[in-house]
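Take a look at the structure below.
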Amino acid sequence: LDSDKISKNIKRIRKDQMNKTQEEFAELIKSSKDTVSNIERGKVIPNTQTLANIAKYCNCSIDSILGLKD
């Protein structure tokens with residue numbers, strides 16, 4: 001998996017599609033602001049539960065988050 005691509009996709013989803021701060025986004029996806037920050041900086045790859053929550057609450061596919069599909 002390309003952590004740089006994943007981090008950029010999640011940041012794009014948060015800012016452009018959802019228009020949320022990291023704190024607001026973290027609350028929406030049932031995570032912490034620190035986790036969202038670490039994901040967006042490419043320090044960690046989100047776990048399966050976080051990926052599922054992002055897909056569910058942001059109405060996008062896990063494939064698009066992972067950069068496997070446009």
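In the structure tokens, the first chain shown is A, the next is B, and so on; residue numbers restart at 1 for each chain, and ligands run from 1 in the order shown.
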
request  = Please report, as a VMD selection string, each residue of segment 6-69 of chain A to which DSSP assigns helix (DSSP H, G or I) when run on this structure's backbone.
outcome  = chain A and resid 6 to 17 22 to 28 33 to 40 48 to 58 62 to 66

Export C-alpha atoms of the chosen residues as a PDB file, in the first residue's frame?
ATOM      1  CA  ILE A   6      -3.652   7.092   1.173  1.00  0.00           C
ATOM      2  CA  SER A   7      -2.772  10.091   3.349  1.00  0.00           C
ATOM      3  CA  LYS A   8      -3.383  12.525   0.476  1.00  0.00           C
ATOM      4  CA  ASN A   9      -6.708  10.883  -0.397  1.00  0.00           C
ATOM      5  CA  ILE A  10      -7.949  11.055   3.191  1.00  0.00           C
ATOM      6  CA  LYS A  11      -6.872  14.678   3.555  1.00  0.00           C
ATOM      7  CA  ARG A  12      -8.622  15.530   0.263  1.00  0.00           C
ATOM      8  CA  ILE A  13     -11.791  13.782   1.401  1.00  0.00           C
ATOM      9  CA  ARG A  14     -11.724  15.591   4.759  1.00  0.00           C
ATOM     10  CA  LYS A  15     -11.039  19.055   3.359  1.00  0.00           C
ATOM     11  CA  ASP A  16     -12.603  19.116  -0.101  1.00  0.00           C
ATOM     12  CA  GLN A  17     -15.528  16.715   0.158  1.00  0.00           C
ATOM     13  CA  GLN A  22      -9.257  17.297  11.679  1.00  0.00           C
ATOM     14  CA  GLU A  23     -11.117  17.378  15.002  1.00  0.00           C
ATOM     15  CA  GLU A  24     -14.556  17.362  13.350  1.00  0.00           C
ATOM     16  CA  PHE A  25     -13.493  14.605  10.967  1.00  0.00           C
ATOM     17  CA  ALA A  26     -12.080  12.517  13.815  1.00  0.00           C
ATOM     18  CA  GLU A  27     -15.355  12.764  15.713  1.00  0.00           C
ATOM     19  CA  LEU A  28     -17.319  11.807  12.592  1.00  0.00           C
ATOM     20  CA  LYS A  33      -7.569  14.081  16.104  1.00  0.00           C
ATOM     21  CA  ASP A  34      -4.057  12.726  16.664  1.00  0.00           C
ATOM     22  CA  THR A  35      -4.882   9.620  14.635  1.00  0.00           C
ATOM     23  CA  VAL A  36      -6.266  11.700  11.762  1.00  0.00           C
ATOM     24  CA  SER A  37      -3.172  13.909  11.884  1.00  0.00           C
ATOM     25  CA  ASN A  38      -0.845  10.896  11.824  1.00  0.00           C
ATOM     26  CA  ILE A  39      -2.758   9.344   8.935  1.00  0.00           C
ATOM     27  CA  GLU A  40      -2.684  12.576   6.914  1.00  0.00           C
ATOM     28  CA  THR A  48      -9.668  -1.571   8.758  1.00  0.00           C
ATOM     29  CA  GLN A  49     -12.220  -0.108  11.169  1.00  0.00           C
ATOM     30  CA  THR A  50     -11.072   3.441  10.454  1.00  0.00           C
ATOM     31  CA  LEU A  51     -11.145   2.785   6.702  1.00  0.00           C
ATOM     32  CA  ALA A  52     -14.659   1.382   7.007  1.00  0.00           C
ATOM     33  CA  ASN A  53     -15.796   4.411   9.037  1.00  0.00           C
ATOM     34  CA  ILE A  54     -14.322   6.867   6.530  1.00  0.00           C
ATOM     35  CA  ALA A  55     -16.011   5.046   3.653  1.00  0.00           C
ATOM     36  CA  LYS A  56     -19.333   4.865   5.502  1.00  0.00           C
ATOM     37  CA  TYR A  57     -19.532   8.430   6.793  1.00  0.00           C
ATOM     38  CA  CYS A  58     -17.953  10.083   3.743  1.00  0.00           C
ATOM     39  CA  ILE A  62     -12.371   1.911   0.467  1.00  0.00           C
ATOM     40  CA  ASP A  63     -10.801   1.377  -2.973  1.00  0.00           C
ATOM     41  CA  SER A  64     -10.868   5.129  -3.602  1.00  0.00           C
ATOM     42  CA  ILE A  65      -9.325   5.835  -0.173  1.00  0.00           C
ATOM     43  CA  LEU A  66      -6.538   3.360  -0.887  1.00  0.00           C
TER      44      LEU A  66
END

query = Which is closest to Ser32 of chain A among A:Ser61, A:Leu68, A:Pro46, A:Met18, if we use only C-alpha atoms?
reply = A:Pro46
